[in-house]
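What follows is the content of coords34.tsv, which has TSV, C-alpha atoms:
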chain	number	residue	atom	x	y	z
S	1	MET	CA	7.52	13.57	45.11
S	2	LYS	CA	4.67	15.72	43.77
S	3	THR	CA	6.84	17.01	40.94
S	4	LYS	CA	7.85	13.48	39.94
S	5	PHE	CA	4.27	12.32	40.10
S	6	LYS	CA	3.06	15.15	37.84
S	7	THR	CA	5.82	14.38	35.36
S	8	LEU	CA	4.79	10.75	35.18
S	9	VAL	CA	1.14	11.68	34.66
S	10	PHE	CA	2.14	14.00	31.83
S	11	LEU	CA	4.23	11.33	30.11
S	12	PHE	CA	1.51	8.71	30.33
S	13	CYS	CA	-1.01	11.14	28.87
S	14	MET	CA	1.25	11.95	25.94
S	15	ILE	CA	1.91	8.29	25.24
S	16	GLY	CA	-1.82	7.61	25.33
S	17	PHE	CA	-2.43	10.32	22.77
S	18	MET	CA	0.19	8.92	20.43
S	19	SER	CA	-1.75	5.67	20.07
S	20	CYS	CA	-4.83	5.38	17.89
S	21	ASN	CA	-6.16	2.85	20.37
S	22	ALA	CA	-5.63	5.04	23.42
S	23	ASN	CA	-8.53	5.04	25.86
S	24	GLU	CA	-10.27	8.34	26.37
S	25	LYS	CA	-9.13	10.18	29.48
S	26	LYS	CA	-11.82	11.56	31.73
S	27	GLU	CA	-9.76	13.86	33.89
S	28	LYS	CA	-9.77	17.47	32.69
S	29	GLU	CA	-6.02	17.89	33.14
S	30	GLN	CA	-5.33	14.90	30.91
S	31	ILE	CA	-7.75	16.10	28.21
S	32	ALA	CA	-6.06	19.49	28.18
S	33	LEU	CA	-2.67	17.85	27.72
S	34	LEU	CA	-3.95	15.67	24.89
S	35	GLU	CA	-5.35	18.64	23.02
S	36	THR	CA	-1.97	20.39	23.00
S	37	GLU	CA	-0.17	17.48	21.31
S	38	THR	CA	-0.24	17.67	17.51
S	39	HIS	CA	2.73	15.56	16.42
S	40	HIS	CA	2.65	11.77	16.19
S	41	PRO	CA	6.23	10.46	16.21
S	42	ASN	CA	5.32	6.77	15.72
S	43	LYS	CA	3.44	6.90	12.45
S	44	GLN	CA	1.12	3.96	11.83
S	45	SER	CA	1.33	1.69	8.82
S	46	ILE	CA	-1.10	-0.39	6.83
S	47	LYS	CA	0.79	-3.61	6.08
S	48	VAL	CA	-0.69	-5.82	3.38
S	49	ALA	CA	0.78	-9.18	2.37
S	50	LEU	CA	-0.83	-10.33	-0.86
S	51	LEU	CA	-0.56	-14.09	-1.48
S	52	LEU	CA	-1.60	-14.93	-5.02
S	53	ASP	CA	-2.21	-18.36	-6.51
S	54	THR	CA	-0.33	-18.40	-9.83
S	55	SER	CA	-1.41	-21.83	-11.02
S	56	ASN	CA	-2.84	-22.26	-14.52
S	57	SER	CA	-6.43	-21.35	-13.65
S	58	MET	CA	-5.52	-18.00	-12.09
S	59	ASP	CA	-4.80	-15.84	-15.13
S	60	GLY	CA	-7.92	-13.80	-14.43
S	61	LEU	CA	-6.91	-13.19	-10.81
S	62	ILE	CA	-3.43	-11.97	-11.77
S	63	ASP	CA	-4.94	-9.79	-14.46
S	64	GLN	CA	-7.29	-8.18	-11.91
S	65	ALA	CA	-4.41	-7.59	-9.50
S	66	LYS	CA	-2.40	-5.81	-12.20
S	67	ALA	CA	-5.37	-3.78	-13.38
S	68	GLN	CA	-6.62	-2.77	-9.93
S	69	LEU	CA	-3.40	-2.09	-8.00
S	70	TRP	CA	-3.61	1.69	-8.35
S	71	ASP	CA	-7.28	1.90	-7.41
S	72	ILE	CA	-6.50	-0.06	-4.23
S	73	VAL	CA	-3.55	2.23	-3.44
S	74	ASN	CA	-5.71	5.30	-4.03
S	75	GLU	CA	-8.41	4.11	-1.67
S	76	LEU	CA	-5.82	3.41	1.03
S	77	SER	CA	-4.32	6.87	0.54
S	78	TYR	CA	-7.51	8.37	2.00
S	79	ALA	CA	-7.08	6.47	5.30
S	80	LYS	CA	-6.41	8.39	8.50
S	81	CYS	CA	-5.42	7.43	12.01
S	82	GLY	CA	-6.37	10.41	14.12
S	83	ASN	CA	-4.89	13.33	12.21
S	84	GLU	CA	-2.15	11.20	10.65
S	85	GLN	CA	-2.08	9.57	7.24
S	86	PRO	CA	-0.61	6.08	7.74
S	87	ASN	CA	2.16	4.63	5.62
S	88	LEU	CA	1.47	1.76	3.26
S	89	ASN	CA	3.69	-1.31	2.93
S	90	ILE	CA	2.87	-4.10	0.50
S	91	ALA	CA	4.47	-7.55	0.26
S	92	LEU	CA	3.80	-10.02	-2.53
S	93	TYR	CA	4.01	-13.83	-2.63
S	94	GLU	CA	3.09	-16.28	-5.35
S	95	TYR	CA	2.25	-19.89	-4.67
S	96	GLY	CA	0.95	-22.97	-6.49
S	97	ASN	CA	3.18	-22.49	-9.54
S	98	ASP	CA	5.09	-25.54	-10.86
S	99	ASN	CA	7.99	-23.29	-11.84
S	100	LEU	CA	8.68	-22.71	-8.15
S	101	ASN	CA	10.74	-24.88	-5.80
S	102	GLY	CA	8.70	-27.90	-4.73
S	103	GLU	CA	10.85	-28.46	-1.64
S	104	GLU	CA	9.81	-24.99	-0.45
S	105	GLY	CA	6.14	-25.68	-1.07
S	106	PHE	CA	5.94	-24.06	-4.52
S	107	ILE	CA	6.14	-20.66	-2.80
S	108	ARG	CA	8.15	-17.56	-3.68
S	109	GLN	CA	8.48	-14.23	-1.94
S	110	VAL	CA	8.20	-11.85	-4.87
S	111	ILE	CA	8.85	-8.75	-2.79
S	112	ALA	CA	9.10	-8.15	0.98
S	113	PHE	CA	7.27	-5.27	2.64
S	114	SER	CA	7.96	-2.17	0.57
S	115	ASP	CA	6.60	1.33	0.06
S	116	ASP	CA	8.23	1.55	-3.39
S	117	LEU	CA	5.06	1.47	-5.48
S	118	ASP	CA	6.90	1.36	-8.80
S	119	GLU	CA	8.86	-1.71	-7.71
S	120	ILE	CA	5.69	-3.39	-6.43
S	121	SER	CA	4.02	-2.73	-9.77
S	122	LYS	CA	7.04	-4.09	-11.65
S	123	GLN	CA	7.03	-7.32	-9.64
S	124	LEU	CA	3.28	-7.75	-10.00
S	125	PHE	CA	3.55	-7.41	-13.76
S	126	SER	CA	6.30	-10.05	-13.80
S	127	LEU	CA	3.96	-12.78	-12.56
S	128	THR	CA	2.97	-15.61	-14.89
S	129	THR	CA	0.87	-18.72	-14.27
S	130	ASN	CA	1.78	-22.42	-14.48
S	131	GLY	CA	0.89	-25.62	-12.62
S	132	GLY	CA	0.36	-26.52	-9.78
S	133	ASN	CA	0.05	-27.45	-6.10
S	134	GLU	CA	-1.52	-24.85	-3.82
S	135	TYR	CA	-0.53	-25.05	-0.15
S	136	CYS	CA	-2.42	-22.27	1.61
S	137	GLY	CA	-1.33	-23.11	5.15
S	138	GLN	CA	2.32	-23.14	4.15
S	139	VAL	CA	2.29	-19.84	2.26
S	140	ILE	CA	0.52	-18.13	5.17
S	141	GLN	CA	3.06	-19.50	7.65
S	142	THR	CA	5.93	-18.53	5.34
S	143	SER	CA	4.73	-14.92	5.09
S	144	LEU	CA	4.32	-14.72	8.87
S	145	ASN	CA	7.85	-15.98	9.48
S	146	GLN	CA	9.68	-14.12	6.71
S	147	LEU	CA	8.14	-10.66	6.77
S	148	LYS	CA	8.97	-7.93	9.28
S	149	TRP	CA	5.53	-7.23	10.70
S	150	GLY	CA	6.85	-4.99	13.49
S	151	GLU	CA	5.72	-4.48	17.06
S	152	ASN	CA	3.45	-1.45	16.67
S	153	GLU	CA	0.01	-2.50	17.90
S	154	ASP	CA	-1.59	0.36	16.00
S	155	ASP	CA	-0.40	-0.96	12.64
S	156	LEU	CA	-3.08	-2.59	10.53
S	157	LYS	CA	-1.59	-5.99	9.64
S	158	LEU	CA	-3.39	-7.94	6.94
S	159	ILE	CA	-2.84	-11.04	4.83
S	160	PHE	CA	-4.92	-11.48	1.69
S	161	ILE	CA	-4.71	-14.94	0.17
S	162	ALA	CA	-6.50	-15.69	-3.10
S	163	GLY	CA	-6.97	-18.98	-4.90
S	164	ASN	CA	-9.46	-21.68	-5.86
S	165	GLU	CA	-8.21	-25.03	-4.54
S	166	PRO	CA	-9.12	-26.57	-1.13
S	167	PHE	CA	-7.62	-24.49	1.67
S	168	SER	CA	-6.56	-27.66	3.49
S	169	GLN	CA	-3.93	-28.85	1.00
S	170	GLY	CA	-0.31	-29.35	2.03
S	171	LYS	CA	1.64	-30.54	5.05
S	172	ILE	CA	1.25	-27.29	7.03
S	173	SER	CA	-2.13	-27.06	8.77
S	174	TYR	CA	-4.05	-23.96	7.74
S	175	GLN	CA	-5.62	-23.99	11.21
S	176	ASP	CA	-2.23	-23.69	12.87
S	177	ALA	CA	-1.11	-20.98	10.44
S	178	ALA	CA	-4.30	-18.96	10.96
S	179	LYS	CA	-4.03	-19.25	14.74
S	180	GLN	CA	-0.39	-18.11	14.59
S	181	ALA	CA	-1.49	-15.11	12.53
S	182	HIS	CA	-4.15	-14.17	15.07
S	183	LYS	CA	-1.66	-14.52	17.92
S	184	ASN	CA	0.72	-12.17	16.06
S	185	GLY	CA	-2.01	-9.57	15.48
S	186	VAL	CA	-2.33	-10.37	11.78
S	187	SER	CA	-5.72	-11.09	10.22
S	188	VAL	CA	-5.95	-13.56	7.34
S	189	ASN	CA	-8.49	-12.56	4.72
S	190	THR	CA	-9.38	-15.31	2.28
S	191	ILE	CA	-10.55	-14.66	-1.27
S	192	PHE	CA	-12.00	-17.73	-2.99
S	193	CYS	CA	-12.03	-17.46	-6.76
S	194	GLY	CA	-15.33	-19.11	-7.53
S	195	ASP	CA	-18.68	-19.96	-5.98
S	196	TYR	CA	-19.25	-18.60	-2.45
S	197	ASN	CA	-20.59	-21.86	-1.03
S	198	GLN	CA	-17.85	-23.92	-2.66
S	199	GLY	CA	-15.32	-21.72	-0.89
S	200	ILE	CA	-17.02	-22.44	2.41
S	201	SER	CA	-17.02	-26.21	1.82
S	202	SER	CA	-13.32	-26.13	0.90
S	203	TYR	CA	-12.41	-24.37	4.18
S	204	TRP	CA	-11.62	-20.87	2.89
S	205	LYS	CA	-14.12	-19.33	5.28
S	206	ASP	CA	-12.79	-21.36	8.19
S	207	GLY	CA	-9.28	-20.09	7.46
S	208	ALA	CA	-10.50	-16.51	7.73
S	209	ASP	CA	-12.65	-17.11	10.82
S	210	LEU	CA	-9.75	-18.59	12.79
S	211	SER	CA	-7.75	-15.37	12.48
S	212	HIS	CA	-10.73	-12.99	12.72
S	213	GLY	CA	-10.37	-12.07	9.06
S	214	ASP	CA	-12.97	-11.82	6.31
S	215	TYR	CA	-13.99	-14.48	3.81
S	216	MET	CA	-14.91	-13.37	0.30
S	217	ALA	CA	-15.69	-15.03	-3.02
S	218	ILE	CA	-15.01	-13.25	-6.31
S	219	ASN	CA	-15.44	-13.83	-10.01
S	220	HIS	CA	-11.75	-13.80	-10.89
S	221	ASN	CA	-12.44	-14.12	-14.60
S	222	HIS	CA	-14.55	-10.99	-14.72
S	223	ALA	CA	-12.78	-8.33	-16.75
S	224	THR	CA	-12.08	-5.10	-14.90
S	225	THR	CA	-14.45	-2.38	-16.07
S	226	TYR	CA	-13.68	1.31	-16.03
S	227	VAL	CA	-15.71	4.48	-16.14
S	228	ALA	CA	-14.26	7.14	-18.40
S	229	THR	CA	-14.66	10.66	-17.04
S	230	PRO	CA	-14.35	14.20	-18.44
S	231	TYR	CA	-11.29	14.72	-16.21
S	232	ASP	CA	-9.12	11.86	-17.47
S	233	ASP	CA	-7.31	13.71	-20.26
S	234	LYS	CA	-6.43	16.60	-17.98
S	235	ILE	CA	-5.04	14.26	-15.35
S	236	LEU	CA	-2.92	12.38	-17.90
S	237	LYS	CA	-1.48	15.63	-19.22
S	238	LEU	CA	-0.57	16.58	-15.66
S	239	ASN	CA	1.23	13.24	-15.31
S	240	HIS	CA	3.72	14.32	-17.99
S	241	LYS	CA	4.32	17.56	-16.12
S	242	LEU	CA	4.65	15.67	-12.85
S	243	ASN	CA	7.34	13.38	-14.26
S	244	LYS	CA	9.44	16.42	-15.20
S	245	THR	CA	9.68	17.45	-11.54
S	246	TYR	CA	11.75	14.38	-10.65
S	247	VAL	CA	15.48	14.95	-10.20
S	248	ALA	CA	17.27	11.61	-10.35
S	249	TYR	CA	20.53	11.24	-8.45
S	250	GLY	CA	22.88	8.51	-7.21
S	251	ASN	CA	23.73	5.17	-8.75
S	252	ILE	CA	20.12	4.06	-9.14
S	253	GLY	CA	18.62	7.38	-10.22
S	254	ARG	CA	18.43	6.74	-13.96
S	255	THR	CA	17.29	3.15	-13.45
S	256	LYS	CA	14.48	4.22	-11.13
S	257	MET	CA	13.37	6.99	-13.44
S	258	ALA	CA	13.20	4.46	-16.28
S	259	LEU	CA	11.18	2.17	-13.99
S	260	GLN	CA	8.75	5.00	-13.31
S	261	ALA	CA	8.18	5.42	-17.05
S	262	GLU	CA	7.86	1.66	-17.51
S	263	GLN	CA	5.10	1.43	-14.91
S	264	ASP	CA	3.33	4.38	-16.54
S	265	ASP	CA	3.35	2.31	-19.73
S	266	ASN	CA	2.14	-0.83	-17.95
S	267	ALA	CA	-0.83	1.07	-16.52
S	268	GLN	CA	-1.59	2.64	-19.89
S	269	GLY	CA	-1.43	-0.84	-21.44
S	270	TYR	CA	-4.56	-1.85	-19.53
S	271	SER	CA	-6.56	1.26	-20.25
S	272	GLU	CA	-6.43	5.03	-20.19
S	273	GLU	CA	-8.49	5.00	-17.01
S	274	ASN	CA	-5.97	2.73	-15.30
S	275	ALA	CA	-3.21	5.16	-16.25
S	276	VAL	CA	-5.30	7.89	-14.66
S	277	SER	CA	-5.55	5.87	-11.43
S	278	ARG	CA	-1.77	5.48	-11.38
S	279	THR	CA	-1.32	9.23	-11.87
S	280	VAL	CA	-3.60	9.86	-8.91
S	281	SER	CA	-1.46	7.48	-6.83
S	282	LYS	CA	1.63	9.44	-7.87
S	283	SER	CA	0.03	12.60	-6.51
S	284	SER	CA	-0.60	11.07	-3.06
S	285	HIS	CA	1.58	10.91	0.06
S	286	LEU	CA	2.06	7.17	-0.51
S	287	TYR	CA	4.22	7.65	-3.62
S	288	LYS	CA	7.72	8.06	-2.19
S	289	ASN	CA	11.04	8.10	-4.04
S	290	SER	CA	13.59	9.57	-1.65
S	291	SER	CA	16.11	6.86	-2.57
S	292	TRP	CA	16.62	8.34	-6.03
S	293	ASP	CA	14.75	11.66	-6.33
S	294	LEU	CA	16.31	14.78	-4.82
S	295	VAL	CA	12.96	16.50	-4.31
S	296	ASP	CA	11.72	13.68	-2.05
S	297	ALA	CA	15.15	13.09	-0.51
S	298	GLU	CA	15.50	16.72	0.53
S	299	LYS	CA	12.47	16.30	2.82
S	300	GLU	CA	14.09	13.49	4.81
S	301	LYS	CA	15.38	14.40	8.26
S	302	ASP	CA	18.87	13.01	7.69
S	303	PHE	CA	19.37	14.61	4.26
S	304	LYS	CA	22.34	16.94	3.88
S	305	TYR	CA	23.31	18.79	0.72
S	306	SER	CA	26.92	18.54	1.86
S	307	ASP	CA	26.74	14.75	1.50
S	308	LEU	CA	25.95	14.95	-2.23
S	309	LYS	CA	28.78	13.96	-4.52
S	310	LYS	CA	29.25	15.66	-7.87
S	311	GLN	CA	29.27	12.37	-9.79
S	312	GLU	CA	25.88	11.47	-8.27
S	313	LEU	CA	24.17	14.60	-9.55
S	314	PRO	CA	22.28	14.89	-12.84
S	315	ALA	CA	24.02	16.77	-15.67
S	316	GLU	CA	22.04	19.97	-15.07
S	317	LEU	CA	23.36	20.22	-11.49
S	318	LYS	CA	26.96	18.98	-11.73
S	319	ASP	CA	28.49	22.46	-12.07
S	320	LYS	CA	26.09	24.22	-9.69
S	321	SER	CA	26.89	25.56	-6.24
S	322	THR	CA	25.05	24.27	-3.18
S	323	LYS	CA	23.01	27.46	-3.15
S	324	GLU	CA	22.03	26.99	-6.79
S	325	ILE	CA	21.17	23.30	-6.22
S	326	LYS	CA	18.93	24.25	-3.28
S	327	ALA	CA	17.14	26.85	-5.39
S	328	TYR	CA	16.67	24.34	-8.23
S	329	ILE	CA	15.22	21.67	-5.91
S	330	ALA	CA	12.97	24.22	-4.20
S	331	LYS	CA	11.58	25.24	-7.60
S	332	LYS	CA	10.95	21.62	-8.62
S	333	SER	CA	9.33	20.92	-5.25
S	334	SER	CA	7.00	23.88	-5.60
S	335	GLU	CA	6.05	22.81	-9.12
S	336	ARG	CA	5.34	19.26	-7.96
S	337	GLU	CA	3.14	20.34	-5.06
S	338	ALA	CA	1.09	22.54	-7.38
S	339	ILE	CA	0.67	19.73	-9.93
S	340	GLN	CA	-0.22	17.17	-7.27
S	341	THR	CA	-2.80	19.50	-5.78
S	342	GLU	CA	-4.36	20.03	-9.20
S	343	ILE	CA	-4.47	16.26	-9.80
S	344	GLN	CA	-6.10	15.67	-6.41
S	345	ASN	CA	-8.72	18.35	-7.08
S	346	LEU	CA	-9.54	16.86	-10.47
S	347	ASN	CA	-9.64	13.38	-8.97
S	348	GLU	CA	-12.22	14.44	-6.40
S	349	LYS	CA	-14.47	15.53	-9.25
S	350	ARG	CA	-13.62	12.28	-11.05
S	351	ARG	CA	-14.62	10.20	-8.01
S	352	GLN	CA	-17.97	11.94	-7.75
S	353	TYR	CA	-18.60	11.43	-11.47
S	354	ILE	CA	-17.78	7.69	-11.22
S	355	LYS	CA	-20.22	7.29	-8.32
S	356	THR	CA	-23.04	8.62	-10.48
S	357	GLN	CA	-22.15	6.37	-13.43
S	358	GLN	CA	-21.40	3.00	-11.82
S	359	LYS	CA	-24.50	0.84	-11.78
S	360	GLU	CA	-23.51	-2.79	-11.25
S	361	GLU	CA	-21.93	-4.03	-8.04
S	362	ASP	CA	-18.35	-5.07	-8.68
S	363	ASN	CA	-17.44	-8.61	-7.64
S	364	GLY	CA	-13.69	-8.34	-8.11
S	365	LEU	CA	-10.46	-8.31	-6.17
S	366	GLU	CA	-10.35	-4.56	-5.50
S	367	LYS	CA	-13.84	-4.39	-3.98
S	368	ALA	CA	-13.21	-7.45	-1.80
S	369	MET	CA	-9.91	-6.12	-0.47
S	370	ILE	CA	-11.13	-2.58	0.22
S	371	ASN	CA	-14.25	-3.77	2.04
S	372	ALA	CA	-12.20	-6.08	4.26
S	373	ILE	CA	-9.57	-3.45	5.00
S	374	LYS	CA	-12.13	-0.82	5.98
S	375	THR	CA	-14.03	-3.27	8.19
S	376	GLN	CA	-10.93	-4.32	10.12
S	377	ALA	CA	-9.50	-0.79	10.20
S	378	LYS	CA	-12.38	0.36	12.41
S	379	ALA	CA	-11.03	-1.70	15.30
S	380	LYS	CA	-7.75	0.25	15.05
S	381	LYS	CA	-9.61	3.59	14.93
S	382	TYR	CA	-8.67	4.22	11.30
S	383	THR	CA	-11.12	6.35	9.35
S	384	TRP	CA	-11.79	7.30	5.73
Spit out the file's structure as structure tokens when you get a sec.
Amino acid sequence: MKTKFKTLVFLFCMIGFMSCNANEKKEKEQIALLETETHHPNKQSIKVALLLDTSNSMDGLIDQAKAQLWDIVNELSYAKCGNEQPNLNIALYEYGNDNLNGEEGFIRQVIAFSDDLDEISKQLFSLTTNGGNEYCGQVIQTSLNQLKWGENEDDLKLIFIAGNEPFSQGKISYQDAAKQAHKNGVSVNTIFCGDYNQGISSYWKDGADLSHGDYMAINHNHATTYVATPYDDKILKLNHKLNKTYVAYGNIGRTKMALQAEQDDNAQGYSEENAVSRTVSKSSHLYKNSSWDLVDAEKEKDFKYSDLKKQELPAELKDKSTKEIKAYIAKKSSEREAIQTEIQNLNEKRRQYIKTQQKEEDNGLEKAMINAIKTQAKAKKYTW
């Protein structure tokens, strides 16, 4: 009986350590056990569903979302849960656009939860405005029902809904949707595009309060401003080197590599500084491409070189032996790690420089989202 009892105590201690919300153990034996555990098998995730009003008046909002995506990703890449760096999954909905199906509430799931940052960027850049009828309660309820939020209580589950029409429009009660979100462990953060008090009177704050989220008001027509730094050119040059470390394979390899280049161009189209922010994202742990890149794929637990088919390999590897392919991938992996480290080091200097140069308080989408995420992350023991 004693042996079984000790085994149970040990297991409970280990499970407690694996959770970011685990209560501190007072007993010395339990503390000792916790300190020996270094691996966290159930990695936490930050799950963000972004619900964007794409009616006629929201061009500025969509523009901010496109321009600030990589800065938001970069800030989230610094998050930690204990000693772990959580995953990031982003879903995107548009609503209030007359081009959408009226029977479905003028709502469209643009992309379900995904960690494919290039695909998220592509879909975000595809958005256009038109119309319309904005049903906040319905789009919140739709995202709750359609998305796979998971059962992990340590995941940070967030909805961000942005728009400028009364929050109470539509057949689906926003109160019911917000209460459902809270029951499911999802906080609804509302971003009113306009005057702060007008957002309160049109129920945007009430929608956030009901799910223990944050209410914010932004100037959605304010153009995104950037601070150029002495490190930008170096980082952009490293981006070209970084791209050369990708080894596309499989049926989607070439398509995905082209998508990577396309999103580089989209970022550059906004500004050089935005392209720099994207490059920084590409150097972080959140930028994953194991579905088409052999360097990332090789790090997956279930990857086997023996499963690779000759026709799936790039031209430079088709006639190589397994040993030669391994050596080639190892070389590319080493090059990538060195480049990513150099980018991260330069970015740290860049961040410090920006802090000294920024004078006005930003009232845009990025600032609102990051502030809300960090506030709610504290309850889950996430740190920055």
Could you check how far CA of Pro314 (chain S) sits from CA of Ser284 (chain S), in Å to one decimal?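 Taking CA of Pro314 (chain S) and CA of Ser284 (chain S), their separation equals 25.2 Å.
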Name the residues in contact with region 42-56 of chain S at a cut-off of 6 Å, using only C-alpha atoms, excluding same-chain residues fewer than 5 positions from it; report them as a VMD selection string. chain S and resid 86 to 97 129 to 132 155 to 163
From the options S:Ser57, S:Ser173, S:Asn289, S:Gln340, which residue's atoms come nearest to His240 (chain S), counting all atoms listed in the file?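 With all atoms listed in the file as the atom set, the closest residue is S:Gln340.
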How many Å lie between CA of Gln344 (chain S) and CA of Asp232 (chain S), rounded to one decimal?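 Between these atoms lies a distance of 12.1 Å.
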Taking into account only C-alpha atoms, which residue in the set S:Lys282, S:His220, S:Lys80, S:Arg351 is nearest to Leu61 (chain S)?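 Between S:Lys282, S:His220, S:Lys80, S:Arg351, the residue approaching Leu61 (chain S) most closely is S:His220.
Taking CA of Thr322 (chain S) as the reference point, CA of Glu335 (chain S) is found at 20.0 Å.
Considering the residues S:Lys309, S:Arg108, S:Lys122, S:Lys380 and counting only C-alpha atoms, Asp264 (chain S) has its shortest atom-to-atom contact with S:Lys122.
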Which polymer residues, whether protein, DNA or RNA, lie within 9 Å of the coordinate (-10.5, -2.3, -16.4) when you count only C-alpha atoms? List them as a count of residues only, using the chain letters and numbers from the file. 12
So that I can check the surroundings of His182 (chain S), please list as a PyMOL selection string every protein, DNA and RNA residue that reaches within 12 Å of it, counting all atoms listed in the file and ignoring chain neighbours fewer than 3 positions away. chain S and resi 140-141+144+157-159+175-179+185-189+207-213
Leu124 (chain S) surroundings by all atoms listed in the file, 8 Å radius, close-in-sequence under 4 positions cut, as a PDB file with C-alpha atoms, in the coordinates of the input:
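This is the output file selection_7.pdb:
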ATOM      1  CA  ALA S  65      -4.410  -7.590  -9.500  1.00  0.00           C
ATOM      2  CA  LYS S  66      -2.400  -5.810 -12.200  1.00  0.00           C
ATOM      3  CA  LEU S  92       3.800 -10.020  -2.530  1.00  0.00           C
ATOM      4  CA  ILE S 120       5.690  -3.390  -6.430  1.00  0.00           C
TER       5      ILE S 120
END
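Every protein or nucleic acid residue with an atom no more than 6 Å from Val295 (chain S), counting only C-alpha atoms and leaving out same-chain residues fewer than 3 positions away, appears here: Glu298, Ile329 and Ser333 of chain S.
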Counting only C-alpha atoms, what is within 10 Å of Arg336 (chain S), bar same-chain residues fewer than 2 positions away, as an NGL selection string? :S and (241-246 or 283 or 295 or 330-334 or 338-342)
Could you please take those selected residues and save C-alpha atoms as a PDB file, in the coordinates of the input?
ATOM      1  CA  LYS S 241       4.320  17.560 -16.120  1.00  0.00           C
ATOM      2  CA  LEU S 242       4.650  15.670 -12.850  1.00  0.00           C
ATOM      3  CA  ASN S 243       7.340  13.380 -14.260  1.00  0.00           C
ATOM      4  CA  LYS S 244       9.440  16.420 -15.200  1.00  0.00           C
ATOM      5  CA  THR S 245       9.680  17.450 -11.540  1.00  0.00           C
ATOM      6  CA  TYR S 246      11.750  14.380 -10.650  1.00  0.00           C
ATOM      7  CA  SER S 283       0.030  12.600  -6.510  1.00  0.00           C
ATOM      8  CA  VAL S 295      12.960  16.500  -4.310  1.00  0.00           C
ATOM      9  CA  ALA S 330      12.970  24.220  -4.200  1.00  0.00           C
ATOM     10  CA  LYS S 331      11.580  25.240  -7.600  1.00  0.00           C
ATOM     11  CA  LYS S 332      10.950  21.620  -8.620  1.00  0.00           C
ATOM     12  CA  SER S 333       9.330  20.920  -5.250  1.00  0.00           C
ATOM     13  CA  SER S 334       7.000  23.880  -5.600  1.00  0.00           C
ATOM     14  CA  ALA S 338       1.090  22.540  -7.380  1.00  0.00           C
ATOM     15  CA  ILE S 339       0.670  19.730  -9.930  1.00  0.00           C
ATOM     16  CA  GLN S 340      -0.220  17.170  -7.270  1.00  0.00           C
ATOM     17  CA  THR S 341      -2.800  19.500  -5.780  1.00  0.00           C
ATOM     18  CA  GLU S 342      -4.360  20.030  -9.200  1.00  0.00           C
TER      19      GLU S 342
END
